[in-house]
Each structure stands twice: as C-alpha cells, then as structure tokens.
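Chemist: You'll find input_31.pdb just under this line, and it carries PDB, C-alpha atoms and all ligand atoms.
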```
MODEL        1
ATOM      1  CA  MET A 363     137.349-171.396-271.302  1.00  0.00           C
ATOM      2  CA  LYS A 364     137.155-169.001-268.382  1.00  0.00           C
ATOM      3  CA  THR A 365     137.339-170.612-264.999  1.00  0.00           C
ATOM      4  CA  CYS A 366     136.214-169.072-261.800  1.00  0.00           C
ATOM      5  CA  SER A 367     138.928-168.788-259.174  1.00  0.00           C
ATOM      6  CA  LYS A 368     138.564-167.955-255.511  1.00  0.00           C
ATOM      7  CA  GLN A 369     140.193-164.597-256.298  1.00  0.00           C
ATOM      8  CA  ASP A 370     137.540-163.757-258.940  1.00  0.00           C
ATOM      9  CA  GLY A 371     134.834-164.508-256.396  1.00  0.00           C
ATOM     10  CA  ARG A 372     136.451-162.214-253.839  1.00  0.00           C
ATOM     11  CA  ARG A 373     136.915-159.446-256.429  1.00  0.00           C
ATOM     12  CA  GLY A 374     133.276-159.706-257.474  1.00  0.00           C
ATOM     13  CA  PHE A 375     132.186-159.538-253.884  1.00  0.00           C
ATOM     14  CA  LEU A 376     134.312-156.409-253.228  1.00  0.00           C
ATOM     15  CA  LYS A 377     132.970-154.706-256.369  1.00  0.00           C
ATOM     16  CA  LYS A 378     129.398-155.375-255.337  1.00  0.00           C
ATOM     17  CA  SER A 379     130.022-154.102-251.796  1.00  0.00           C
ATOM     18  CA  ALA A 380     131.623-150.924-253.155  1.00  0.00           C
ATOM     19  CA  SER A 381     128.656-150.120-255.384  1.00  0.00           C
ATOM     20  CA  ILE A 382     126.182-150.733-252.552  1.00  0.00           C
ATOM     21  CA  ALA A 383     128.219-148.478-250.238  1.00  0.00           C
ATOM     22  CA  ALA A 384     128.419-145.767-252.932  1.00  0.00           C
ATOM     23  CA  PHE A 385     124.655-145.862-253.308  1.00  0.00           C
ATOM     24  CA  TYR A 386     123.920-145.551-249.610  1.00  0.00           C
ATOM     25  CA  PHE A 387     126.613-142.994-248.769  1.00  0.00           C
ATOM     26  CA  THR A 388     126.136-140.549-251.690  1.00  0.00           C
ATOM     27  CA  PRO A 389     125.486-137.107-250.161  1.00  0.00           C
ATOM     28  CA  ALA A 390     121.819-136.192-250.284  1.00  0.00           C
ATOM     29  CA  SER A 391     122.744-132.964-252.170  1.00  0.00           C
ATOM     30  CA  LEU A 392     123.882-135.067-255.124  1.00  0.00           C
ATOM     31  CA  VAL A 393     120.781-137.162-255.312  1.00  0.00           C
ATOM     32  CA  LYS A 394     118.340-135.896-257.858  1.00  0.00           C
ATOM     33  CA  THR A 395     114.915-135.495-256.353  1.00  0.00           C
ATOM     34  CA  PHE A 396     111.636-135.246-258.183  1.00  0.00           C
ATOM     35  CA  ALA A 397     108.942-132.936-256.948  1.00  0.00           C
ATOM     36  CA  ILE A 398     105.528-134.610-256.802  1.00  0.00           C
ATOM     37  CA  ASP A 399     102.671-132.255-257.454  1.00  0.00           C
ATOM     38  CA  ALA A 400     100.240-132.072-254.550  1.00  0.00           C
ATOM     39  CA  VAL A 401      97.392-134.498-255.155  1.00  0.00           C
ATOM     40  CA  VAL A 402      94.195-132.558-255.562  1.00  0.00           C
ATOM     41  CA  PRO A 403      91.219-134.739-254.688  1.00  0.00           C
ATOM     42  CA  LEU A 404      88.538-134.792-257.324  1.00  0.00           C
ATOM     43  CA  PRO A 405      85.151-133.518-256.204  1.00  0.00           C
ATOM     44  CA  ILE A 406      82.912-136.360-255.079  1.00  0.00           C
ATOM     45  CA  ALA A 407      80.084-136.915-257.510  1.00  0.00           C
ATOM     46  CA  LYS A 408      76.770-136.891-255.668  1.00  0.00           C
ATOM     47  CA  GLU A 409      73.840-138.661-257.201  1.00  0.00           C
ATOM     48  CA  LYS A 410      70.176-138.764-256.354  1.00  0.00           C
ATOM     49  CA  LEU A 411      68.721-142.034-255.141  1.00  0.00           C
ATOM     50  CA  ALA A 412      65.107-142.867-254.397  1.00  0.00           C
ATOM     51  CA  ILE A 413      64.931-146.043-252.364  1.00  0.00           C
ATOM     52  CA  THR A 414      62.462-147.631-249.971  1.00  0.00           C
ATOM     53  CA  ILE A 415      63.968-149.135-246.840  1.00  0.00           C
ATOM     54  CA  ASN A 416      61.751-151.152-244.518  1.00  0.00           C
ATOM     55  CA  GLY A 417      58.672-149.497-245.996  1.00  0.00           C
ATOM     56  CA  LYS A 418      60.022-145.945-245.757  1.00  0.00           C
ATOM     57  CA  LEU A 419      60.635-144.035-249.010  1.00  0.00           C
ATOM     58  CA  MET A 420      63.871-142.061-248.890  1.00  0.00           C
ATOM     59  CA  ASN A 421      65.154-139.474-251.344  1.00  0.00           C
ATOM     60  CA  LEU A 422      68.889-139.298-250.857  1.00  0.00           C
ATOM     61  CA  GLU A 423      71.963-137.694-252.363  1.00  0.00           C
ATOM     62  CA  ILE A 424      74.852-140.071-252.122  1.00  0.00           C
ATOM     63  CA  ASP A 425      78.431-140.569-253.213  1.00  0.00           C
ATOM     64  CA  ALA A 426      78.111-142.580-256.422  1.00  0.00           C
ATOM     65  CA  ARG A 427      80.710-145.090-255.162  1.00  0.00           C
ATOM     66  CA  THR A 428      78.770-146.087-252.018  1.00  0.00           C
ATOM     67  CA  THR A 429      77.901-149.746-251.667  1.00  0.00           C
ATOM     68  CA  LEU A 430      74.427-150.645-250.496  1.00  0.00           C
ATOM     69  CA  LEU A 431      75.967-152.127-247.344  1.00  0.00           C
ATOM     70  CA  ASN A 432      77.739-148.865-246.494  1.00  0.00           C
ATOM     71  CA  LEU A 433      74.656-146.819-247.284  1.00  0.00           C
ATOM     72  CA  LEU A 434      72.665-148.925-244.818  1.00  0.00           C
ATOM     73  CA  ARG A 435      75.233-149.129-242.044  1.00  0.00           C
ATOM     74  CA  GLU A 436      77.334-145.966-242.282  1.00  0.00           C
ATOM     75  CA  ASP A 437      74.897-143.425-243.716  1.00  0.00           C
ATOM     76  CA  LEU A 438      71.525-144.590-242.403  1.00  0.00           C
ATOM     77  CA  ALA A 439      72.535-146.455-239.202  1.00  0.00           C
ATOM     78  CA  TYR A 440      70.806-149.733-240.077  1.00  0.00           C
ATOM     79  CA  THR A 441      73.574-151.538-238.226  1.00  0.00           C
ATOM     80  CA  GLY A 442      71.657-154.813-237.950  1.00  0.00           C
ATOM     81  CA  THR A 443      73.106-155.611-241.366  1.00  0.00           C
ATOM     82  CA  LYS A 444      76.629-156.788-240.618  1.00  0.00           C
ATOM     83  CA  LYS A 445      79.874-156.210-242.453  1.00  0.00           C
ATOM     84  CA  GLY A 446      82.073-159.280-242.653  1.00  0.00           C
ATOM     85  CA  CYS A 447      84.282-159.963-245.659  1.00  0.00           C
ATOM     86  CA  GLU A 448      82.955-157.263-248.041  1.00  0.00           C
ATOM     87  CA  MET A 449      83.736-159.737-250.821  1.00  0.00           C
ATOM     88  CA  GLY A 450      80.474-161.610-251.189  1.00  0.00           C
ATOM     89  CA  GLN A 451      81.818-164.618-249.314  1.00  0.00           C
ATOM     90  CA  CYS A 452      80.356-164.689-245.796  1.00  0.00           C
ATOM     91  CA  GLY A 453      76.696-163.635-246.109  1.00  0.00           C
ATOM     92  CA  ALA A 454      76.745-161.435-242.986  1.00  0.00           C
ATOM     93  CA  CYS A 455      75.399-158.521-245.054  1.00  0.00           C
ATOM     94  CA  THR A 456      72.402-160.381-246.516  1.00  0.00           C
ATOM     95  CA  ILE A 457      69.266-158.309-247.036  1.00  0.00           C
ATOM     96  CA  HIS A 458      66.240-158.552-249.322  1.00  0.00           C
ATOM     97  CA  ILE A 459      65.899-156.473-252.467  1.00  0.00           C
ATOM     98  CA  ASN A 460      62.364-156.582-253.808  1.00  0.00           C
ATOM     99  CA  GLY A 461      61.894-159.785-251.776  1.00  0.00           C
ATOM    100  CA  LYS A 462      65.011-161.552-253.053  1.00  0.00           C
ATOM    101  CA  ARG A 463      68.002-162.230-250.805  1.00  0.00           C
ATOM    102  CA  THR A 464      71.158-160.390-251.799  1.00  0.00           C
ATOM    103  CA  LYS A 465      74.566-159.675-250.352  1.00  0.00           C
ATOM    104  CA  SER A 466      74.530-155.930-249.914  1.00  0.00           C
ATOM    105  CA  CYS A 467      78.330-155.587-250.024  1.00  0.00           C
ATOM    106  CA  MET A 468      78.241-156.615-253.671  1.00  0.00           C
ATOM    107  CA  GLN A 469      75.782-153.919-254.752  1.00  0.00           C
ATOM    108  CA  LEU A 470      76.258-150.269-255.518  1.00  0.00           C
ATOM    109  CA  ALA A 471      73.561-148.347-253.718  1.00  0.00           C
ATOM    110  CA  LEU A 472      72.849-146.417-256.918  1.00  0.00           C
ATOM    111  CA  SER A 473      71.924-149.578-258.767  1.00  0.00           C
ATOM    112  CA  ASN A 474      68.913-149.798-256.448  1.00  0.00           C
ATOM    113  CA  GLN A 475      66.958-146.875-257.825  1.00  0.00           C
ATOM    114  CA  ASN A 476      63.282-147.306-256.765  1.00  0.00           C
ATOM    115  CA  ASN A 477      64.005-150.704-255.202  1.00  0.00           C
ATOM    116  CA  LYS A 478      62.438-151.950-251.980  1.00  0.00           C
ATOM    117  CA  ILE A 479      64.957-153.030-249.384  1.00  0.00           C
ATOM    118  CA  THR A 480      64.235-155.068-246.275  1.00  0.00           C
ATOM    119  CA  THR A 481      66.831-155.335-243.537  1.00  0.00           C
ATOM    120  CA  ILE A 482      66.671-157.327-240.307  1.00  0.00           C
ATOM    121  CA  GLU A 483      65.189-154.220-238.632  1.00  0.00           C
ATOM    122  CA  GLY A 484      62.217-154.410-241.005  1.00  0.00           C
ATOM    123  CA  LEU A 485      61.487-158.094-240.618  1.00  0.00           C
ATOM    124  CA  SER A 486      59.267-158.012-237.543  1.00  0.00           C
ATOM    125  CA  ASP A 487      56.021-156.076-237.365  1.00  0.00           C
ATOM    126  CA  GLY A 488      57.531-153.747-234.794  1.00  0.00           C
ATOM    127  CA  VAL A 489      55.920-155.521-231.837  1.00  0.00           C
ATOM    128  CA  ASN A 490      56.292-159.257-232.333  1.00  0.00           C
ATOM    129  CA  LEU A 491      59.372-161.033-233.567  1.00  0.00           C
ATOM    130  CA  HIS A 492      59.179-162.519-237.039  1.00  0.00           C
ATOM    131  CA  PRO A 493      58.613-166.332-236.762  1.00  0.00           C
ATOM    132  CA  MET A 494      62.158-166.949-238.042  1.00  0.00           C
ATOM    133  CA  GLN A 495      63.639-164.662-235.383  1.00  0.00           C
ATOM    134  CA  ALA A 496      61.598-166.438-232.723  1.00  0.00           C
ATOM    135  CA  ALA A 497      62.708-169.854-234.020  1.00  0.00           C
ATOM    136  CA  PHE A 498      66.375-168.822-233.949  1.00  0.00           C
ATOM    137  CA  LEU A 499      65.939-167.752-230.314  1.00  0.00           C
ATOM    138  CA  LYS A 500      64.058-170.917-229.359  1.00  0.00           C
ATOM    139  CA  ASN A 501      66.576-173.225-231.046  1.00  0.00           C
ATOM    140  CA  ASP A 502      69.605-171.391-229.729  1.00  0.00           C
ATOM    141  CA  ALA A 503      70.737-170.952-233.342  1.00  0.00           C
ATOM    142  CA  PHE A 504      73.641-168.605-232.651  1.00  0.00           C
ATOM    143  CA  GLN A 505      76.577-168.063-230.365  1.00  0.00           C
ATOM    144  CA  CYS A 506      78.318-164.705-230.913  1.00  0.00           C
ATOM    145  CA  GLY A 507      75.445-163.572-233.125  1.00  0.00           C
ATOM    146  CA  TYR A 508      77.553-161.765-235.717  1.00  0.00           C
ATOM    147  CA  CYS A 509      76.283-163.839-238.633  1.00  0.00           C
ATOM    148  CA  THR A 510      72.722-164.064-237.303  1.00  0.00           C
ATOM    149  CA  SER A 511      71.077-161.152-239.142  1.00  0.00           C
ATOM    150  CA  GLY A 512      72.357-162.465-242.448  1.00  0.00           C
ATOM    151  CA  GLN A 513      71.413-166.036-241.535  1.00  0.00           C
ATOM    152  CA  ILE A 514      67.859-165.000-240.668  1.00  0.00           C
ATOM    153  CA  MET A 515      67.430-162.948-243.857  1.00  0.00           C
ATOM    154  CA  SER A 516      68.680-165.910-245.906  1.00  0.00           C
ATOM    155  CA  ALA A 517      66.561-168.360-243.909  1.00  0.00           C
ATOM    156  CA  VAL A 518      63.361-166.403-244.588  1.00  0.00           C
ATOM    157  CA  ALA A 519      64.202-166.300-248.287  1.00  0.00           C
ATOM    158  CA  CYS A 520      65.084-170.003-248.261  1.00  0.00           C
ATOM    159  CA  VAL A 521      61.609-170.888-246.938  1.00  0.00           C
ATOM    160  CA  ARG A 522      59.843-168.464-249.299  1.00  0.00           C
ATOM    161  CA  GLU A 523      61.761-169.895-252.267  1.00  0.00           C
ATOM    162  CA  GLY A 524      60.476-173.381-251.366  1.00  0.00           C
ATOM    163  CA  ASN A 525      63.999-174.609-250.681  1.00  0.00           C
ATOM    164  CA  ALA A 526      63.450-175.645-247.068  1.00  0.00           C
ATOM    165  CA  LYS A 527      61.567-178.897-247.636  1.00  0.00           C
ATOM    166  CA  THR A 528      64.286-181.164-246.244  1.00  0.00           C
ATOM    167  CA  ARG A 529      67.292-180.701-243.949  1.00  0.00           C
ATOM    168  CA  LYS A 530      69.582-181.493-246.872  1.00  0.00           C
ATOM    169  CA  SER A 531      67.934-178.842-249.009  1.00  0.00           C
ATOM    170  CA  ILE A 532      68.161-176.302-246.169  1.00  0.00           C
ATOM    171  CA  GLN A 533      71.866-177.043-245.822  1.00  0.00           C
ATOM    172  CA  THR A 534      72.377-176.650-249.564  1.00  0.00           C
ATOM    173  CA  TYR A 535      70.477-173.387-249.914  1.00  0.00           C
ATOM    174  CA  MET A 536      71.954-171.887-246.750  1.00  0.00           C
ATOM    175  CA  ASP A 537      75.531-172.418-247.888  1.00  0.00           C
ATOM    176  CA  THR A 538      75.587-168.746-248.826  1.00  0.00           C
ATOM    177  CA  ASN A 539      76.011-167.906-245.146  1.00  0.00           C
ATOM    178  CA  ILE A 540      79.002-168.767-243.000  1.00  0.00           C
ATOM    179  CA  CYS A 541      78.883-169.122-239.216  1.00  0.00           C
ATOM    180  CA  ARG A 542      82.341-169.087-237.715  1.00  0.00           C
ATOM    181  CA  CYS A 543      80.877-170.265-234.386  1.00  0.00           C
ATOM    182  CA  GLY A 544      79.567-173.367-236.113  1.00  0.00           C
ATOM    183  CA  ALA A 545      75.936-173.088-235.022  1.00  0.00           C
ATOM    184  CA  TYR A 546      74.840-174.804-238.221  1.00  0.00           C
ATOM    185  CA  GLN A 547      72.813-177.686-236.740  1.00  0.00           C
ATOM    186  CA  ASN A 548      70.706-175.336-234.645  1.00  0.00           C
ATOM    187  CA  ILE A 549      70.256-172.968-237.582  1.00  0.00           C
ATOM    188  CA  VAL A 550      68.908-175.863-239.665  1.00  0.00           C
ATOM    189  CA  ASP A 551      66.656-176.869-236.716  1.00  0.00           C
ATOM    190  CA  ALA A 552      65.201-173.351-236.584  1.00  0.00           C
ATOM    191  CA  ILE A 553      64.580-173.158-240.325  1.00  0.00           C
ATOM    192  CA  GLU A 554      63.065-176.633-240.438  1.00  0.00           C
ATOM    193  CA  GLU A 555      60.737-175.724-237.576  1.00  0.00           C
ATOM    194  CA  VAL A 556      59.464-172.638-239.381  1.00  0.00           C
ATOM    195  CA  ALA A 557      59.206-174.429-242.736  1.00  0.00           C
ATOM    196  CA  THR A 558      57.105-177.241-241.261  1.00  0.00           C
ATOM    197  CA  SER A 559      54.982-175.017-239.009  1.00  0.00           C
ATOM    198  CA  GLY A 560      52.896-173.631-241.848  1.00  0.00           C
ATOM    199  CA  ALA A 561      53.494-170.118-240.498  1.00  0.00           C
ATOM    200  CA  LYS A 562      52.999-167.443-243.138  1.00  0.00           C
ATOM    201  CA  ILE A 563      56.301-165.752-243.591  1.00  0.00           C
TER     202      ILE A 563
HETATM  203  S1  LIG A 601      80.135-158.796-245.974  1.00  0.00           S
HETATM  204 FE1  LIG A 601      78.967-159.214-247.717  1.00  0.00          FE
HETATM  205  S2  LIG A 601      79.252-161.318-248.063  1.00  0.00           S
HETATM  206 FE2  LIG A 601      80.600-160.882-246.424  1.00  0.00          FE
HETATM  207  S1  LIG A 602      76.926-167.210-234.277  1.00  0.00           S
HETATM  208 FE1  LIG A 602      78.967-166.470-234.310  1.00  0.00          FE
HETATM  209  S2  LIG A 602      79.420-166.374-236.404  1.00  0.00           S
HETATM  210 FE2  LIG A 602      77.529-167.359-236.345  1.00  0.00          FE
ENDMDL
END
```
Can I see the file as structure tokens?
Modeler:
Amino acid sequence: MKTCSKQDGRRGFLKKSASIAAFYFTPASLVKTFAIDAVVPLPIAKEKLAITINGKLMNLEIDARTTLLNLLREDLAYTGTKKGCEMGQCGACTIHINGKRTKSCMQLALSNQNNKITTIEGLSDGVNLHPMQAAFLKNDAFQCGYCTSGQIMSAVACVREGNAKTRKSIQTYMDTNICRCGAYQNIVDAIEEVATSGAKI
C-alpha cells in the first residue's frame, strides 16, 4: 500500500507550483489566440402598436422587446408610473389595463394592442384630485412617495373590485404593493375612508 511521506507532499507541491509558473510566464507569442468575429447587432424589429393611454389613442412603432413599463416611462414620459424591482414583486409600476390593475413591468407593450391604459396621470379629471389621491394626502399615507403611484392605482382597483370592505380585506388585497417606508397603516386608513365614503370611483 502506498503511503504518503512528507517528501511526496513537498514534491507534489513543487510540481504544482512549476506548472502554475509555466502557465503564467509562457511568452505571449506562444499562446494561441482566437480571433472573435466582430459582433454585428441584429436590426431591431419595429412593430406597430395602437394603444389608448389616459384616453388618448396613440399609433406607435416600437421595439418589439419593450415592456409596457418602459414604453410608458422611457418612450412616452409617463414617469408617474415608477420602476422598482422590474420583477413583478414590488407593485411600484401598477397601472390599469382595461380597468384591471396590472404590474406594467411584467407586460410586453405589444401584448396591449388596442388596450386602454390608465396611469396615475390619468386618474384625476385634470382639475380635481381623484378621491383616492385626496385621501392619501389627507391621511398622510406616504413618506418618500416612491411606491405611492402604484399604491393608489392598486387602492382604486381594490375598492372597485369590492375588496375593501374591511381593514383585513384591504390588507390582504393590497399585499401586491410594498412600501419600504412602512406607511401601511395610513394607506389602509386612506383606502378605508374612500371605501366607506360612498364616493363614486
Ligand atoms: S417594478 Fe413592477 S413590480 Fe416592481
Ligand atoms: S412611501 Fe416610501 S416606499 Fe412607500
């Protein structure tokens, strides 16, 4: 049976060191290099999209890979819709598609052919705040405000869906939206106030 002596260990160590040194100190001229062909970007496929945003019909030509969130924020400057995680986790990008709340980071813009989109900019009538916006202000339902657009869009949907009948239900159906400032109690206060006010939203 082969036993391992101290000498074997030292020899192994020296062999290993020699091969590492040979690798690092081989002259560059002896190292075979492989030419990489220049990467030629493929032409970007543009597609036509007819979409209504906040009541305005738009006929656009867009990169087929654009998310709805990027179309709104980057291409059309509806920056009220916020970009948080871009993974469907935080709810900052919540908008309404045909009246239903949706996380716009999880949608390709092109899958919204002929759809009606409402963003936070389209919620008020242009003069008066929407009752939910007013309730958020009154109840101090935000701190930094980054999540607020998404919270308000979800809150409106939550009331319209009939899921704001109790505080518990509001908490459950608003768990789609994260507030890193922790303004949750005040957010629930605002939603409860609107839900019980009988205001038509
Ligand atoms: S940015 Fe869409 S869910 Fe976070
Ligand atoms: S108010 Fe700051 S993240 Fe909600």
Chemist: Do you know which residues the PyMOL selection byres (((chain A and resi 497) around 8) and not hetatm) returns on this file, as an MDAnalysis selection string?
Modeler: chainID A and resid 493:496 498:501 552:553 555:556
Chemist: Taking C-alpha atoms for each residue, export the selection above as a PDB file, in the frame of the given file.
Modeler:
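result-v5.pdb written:
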```
ATOM      1  CA  PRO A 493      58.613-166.332-236.762  1.00  0.00           C
ATOM      2  CA  MET A 494      62.158-166.949-238.042  1.00  0.00           C
ATOM      3  CA  GLN A 495      63.639-164.662-235.383  1.00  0.00           C
ATOM      4  CA  ALA A 496      61.598-166.438-232.723  1.00  0.00           C
ATOM      5  CA  PHE A 498      66.375-168.822-233.949  1.00  0.00           C
ATOM      6  CA  LEU A 499      65.939-167.752-230.314  1.00  0.00           C
ATOM      7  CA  LYS A 500      64.058-170.917-229.359  1.00  0.00           C
ATOM      8  CA  ASN A 501      66.576-173.225-231.046  1.00  0.00           C
ATOM      9  CA  ALA A 552      65.201-173.351-236.584  1.00  0.00           C
ATOM     10  CA  ILE A 553      64.580-173.158-240.325  1.00  0.00           C
ATOM     11  CA  GLU A 555      60.737-175.724-237.576  1.00  0.00           C
ATOM     12  CA  VAL A 556      59.464-172.638-239.381  1.00  0.00           C
TER      13      VAL A 556
END
```
Chemist: Applying the PyMOL selection byres (((not hetatm)) within 6 of (chain A and resi 601)) to the file I just gave you, which residues come out? Please list them as number ranges by chain.
Modeler: A: 445-455, 465-467
Chemist: Give me, as a tab-separated table, each residue of chain A that comes within 9 Å of ligand LIG 602 (chain A), together with its shortest interatomic pair and the distance in Å at one decimal, counting only C-alpha atoms and all ligand atoms, with rows ordered by chain and rising residue number.
Modeler:
```
residue	atom	partner	partner_atom	distance
A:Ala454	CA	A:LIG602	S2	8.7
A:Ala503	CA	A:LIG602	S1	7.3
A:Phe504	CA	A:LIG602	S1	3.9
A:Gln505	CA	A:LIG602	S1	4.0
A:Cys506	CA	A:LIG602	FE1	3.9
A:Gly507	CA	A:LIG602	S1	4.1
A:Tyr508	CA	A:LIG602	S2	5.0
A:Cys509	CA	A:LIG602	FE2	4.4
A:Thr510	CA	A:LIG602	FE2	5.9
A:Gln513	CA	A:LIG602	FE2	8.1
A:Asn539	CA	A:LIG602	FE2	8.9
A:Ile540	CA	A:LIG602	FE2	7.0
A:Cys541	CA	A:LIG602	FE2	3.6
A:Arg542	CA	A:LIG602	S2	4.2
A:Cys543	CA	A:LIG602	FE1	4.2
A:Gly544	CA	A:LIG602	FE2	6.3
A:Ala545	CA	A:LIG602	S1	6.0
A:Tyr546	CA	A:LIG602	FE2	8.1
```
Chemist: Separation of atom CA of A:Ala519 and atom CA of A:Arg463, in Å?
Modeler: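 So the two atoms, atom CA of A:Ala519 and atom CA of A:Arg463, lie 6.1 Å apart.
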Chemist: When you count all atoms listed in the file, which of these residues is closest to A:Thr481: A:Asn416, A:Glu554, A:Ser516, A:Tyr535?
Modeler: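 Counting all atoms listed in the file, the residue closest to A:Thr481 is A:Asn416.
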Chemist: So how far away is atom CA of A:Ile457 from atom CA of A:Met515, in Å?
Modeler: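 Here the two named atoms are 5.9 Å from each other.
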Chemist: Figure out the distance between atom CA of A:Thr464 and atom CA of A:Asn476, please, to one decimal in Å.
Modeler: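 Atom CA of A:Asn476 sits 16.1 Å away from atom CA of A:Thr464.
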Chemist: For each of A:Val521, A:Ala407, A:Ala557, A:Leu434, take the minimum atom-to-atom distance to A:Ile479, counting only C-alpha atoms, then give the residue where this is smallest.
Modeler: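 Of A:Val521, A:Ala407, A:Ala557, A:Leu434, the one nearest A:Ile479 is A:Leu434, counting only C-alpha atoms.
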Chemist: Please evaluate the PyMOL selection byres (((chain A and resi 441) around 10) and not hetatm) against the structure above and give the resulting residues as number ranges by chain.
Modeler: A: 431-432, 434-440, 442-445, 455, 481-483, 511
Chemist: Would you mind putting back N, CA and C atoms on stretch 465-490 of chain A, then writing it out as an mmCIF file, keeping the file's coordinate frame?
Modeler:
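Heads up, here's the output in selection.cif:
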```
data_model
loop_
_atom_site.group_PDB
_atom_site.id
_atom_site.type_symbol
_atom_site.label_atom_id
_atom_site.label_comp_id
_atom_site.auth_asym_id
_atom_site.auth_seq_id
_atom_site.Cartn_x
_atom_site.Cartn_y
_atom_site.Cartn_z
ATOM 1 N N LYS A 465 73.467 -160.136 -251.204
ATOM 2 C CA LYS A 465 74.566 -159.675 -250.352
ATOM 3 C C LYS A 465 74.802 -158.195 -250.642
ATOM 4 N N SER A 466 74.544 -157.374 -249.658
ATOM 5 C CA SER A 466 74.530 -155.930 -249.914
ATOM 6 C C SER A 466 75.919 -155.353 -250.142
ATOM 7 N N CYS A 467 76.967 -156.093 -249.770
ATOM 8 C CA CYS A 467 78.330 -155.587 -250.024
ATOM 9 C C CYS A 467 78.674 -155.655 -251.501
ATOM 10 N N MET A 468 77.927 -156.425 -252.255
ATOM 11 C CA MET A 468 78.241 -156.615 -253.671
ATOM 12 C C MET A 468 77.402 -155.721 -254.586
ATOM 13 N N GLN A 469 76.687 -154.772 -253.986
ATOM 14 C CA GLN A 469 75.782 -153.919 -254.752
ATOM 15 C C GLN A 469 76.181 -152.469 -254.601
ATOM 16 N N LEU A 470 76.171 -151.716 -255.674
ATOM 17 C CA LEU A 470 76.258 -150.269 -255.518
ATOM 18 C C LEU A 470 74.881 -149.775 -255.108
ATOM 19 N N ALA A 471 74.856 -148.864 -254.165
ATOM 20 C CA ALA A 471 73.561 -148.347 -253.718
ATOM 21 C C ALA A 471 72.783 -147.768 -254.899
ATOM 22 N N LEU A 472 73.524 -147.090 -255.793
ATOM 23 C CA LEU A 472 72.849 -146.417 -256.918
ATOM 24 C C LEU A 472 72.154 -147.376 -257.873
ATOM 25 N N SER A 473 72.580 -148.632 -257.864
ATOM 26 C CA SER A 473 71.924 -149.578 -258.767
ATOM 27 C C SER A 473 70.589 -150.037 -258.192
ATOM 28 N N ASN A 474 70.175 -149.420 -257.088
ATOM 29 C CA ASN A 474 68.913 -149.798 -256.448
ATOM 30 C C ASN A 474 67.866 -148.692 -256.518
ATOM 31 N N GLN A 475 67.929 -147.935 -257.603
ATOM 32 C CA GLN A 475 66.958 -146.875 -257.825
ATOM 33 C C GLN A 475 65.543 -147.456 -257.775
ATOM 34 N N ASN A 476 64.694 -146.902 -256.916
ATOM 35 C CA ASN A 476 63.282 -147.306 -256.765
ATOM 36 C C ASN A 476 63.089 -148.735 -256.244
ATOM 37 N N ASN A 477 64.147 -149.358 -255.764
ATOM 38 C CA ASN A 477 64.005 -150.704 -255.202
ATOM 39 C C ASN A 477 63.482 -150.664 -253.772
ATOM 40 N N LYS A 478 62.937 -151.813 -253.357
ATOM 41 C CA LYS A 478 62.438 -151.950 -251.980
ATOM 42 C C LYS A 478 63.395 -152.853 -251.222
ATOM 43 N N ILE A 479 63.960 -152.307 -250.165
ATOM 44 C CA ILE A 479 64.957 -153.030 -249.384
ATOM 45 C C ILE A 479 64.337 -153.434 -248.050
ATOM 46 N N THR A 480 64.606 -154.664 -247.634
ATOM 47 C CA THR A 480 64.235 -155.068 -246.275
ATOM 48 C C THR A 480 65.496 -155.496 -245.543
ATOM 49 N N THR A 481 65.712 -154.927 -244.387
ATOM 50 C CA THR A 481 66.831 -155.335 -243.537
ATOM 51 C C THR A 481 66.252 -156.081 -242.334
ATOM 52 N N ILE A 482 67.124 -156.587 -241.496
ATOM 53 C CA ILE A 482 66.671 -157.327 -240.307
ATOM 54 C C ILE A 482 65.765 -156.440 -239.436
ATOM 55 N N GLU A 483 66.013 -155.130 -239.451
ATOM 56 C CA GLU A 483 65.189 -154.220 -238.632
ATOM 57 C C GLU A 483 63.748 -154.166 -239.136
ATOM 58 N N GLY A 484 63.564 -154.520 -240.428
ATOM 59 C CA GLY A 484 62.217 -154.410 -241.005
ATOM 60 C C GLY A 484 61.502 -155.738 -241.070
ATOM 61 N N LEU A 485 62.074 -156.756 -240.476
ATOM 62 C CA LEU A 485 61.487 -158.094 -240.618
ATOM 63 C C LEU A 485 60.287 -158.307 -239.690
ATOM 64 N N SER A 486 60.390 -157.827 -238.479
ATOM 65 C CA SER A 486 59.267 -158.012 -237.543
ATOM 66 C C SER A 486 58.212 -156.935 -237.801
ATOM 67 N N ASP A 487 57.071 -157.087 -237.160
ATOM 68 C CA ASP A 487 56.021 -156.076 -237.365
ATOM 69 C C ASP A 487 56.199 -154.889 -236.424
ATOM 70 N N GLY A 488 57.267 -154.874 -235.711
ATOM 71 C CA GLY A 488 57.531 -153.747 -234.794
ATOM 72 C C GLY A 488 57.154 -154.070 -233.370
ATOM 73 N N VAL A 489 56.325 -155.112 -233.190
ATOM 74 C CA VAL A 489 55.920 -155.521 -231.837
ATOM 75 C C VAL A 489 56.389 -156.958 -231.589
ATOM 76 N N ASN A 490 55.940 -157.839 -232.490
ATOM 77 C CA ASN A 490 56.292 -159.257 -232.333
ATOM 78 C C ASN A 490 57.470 -159.610 -233.233
#
```
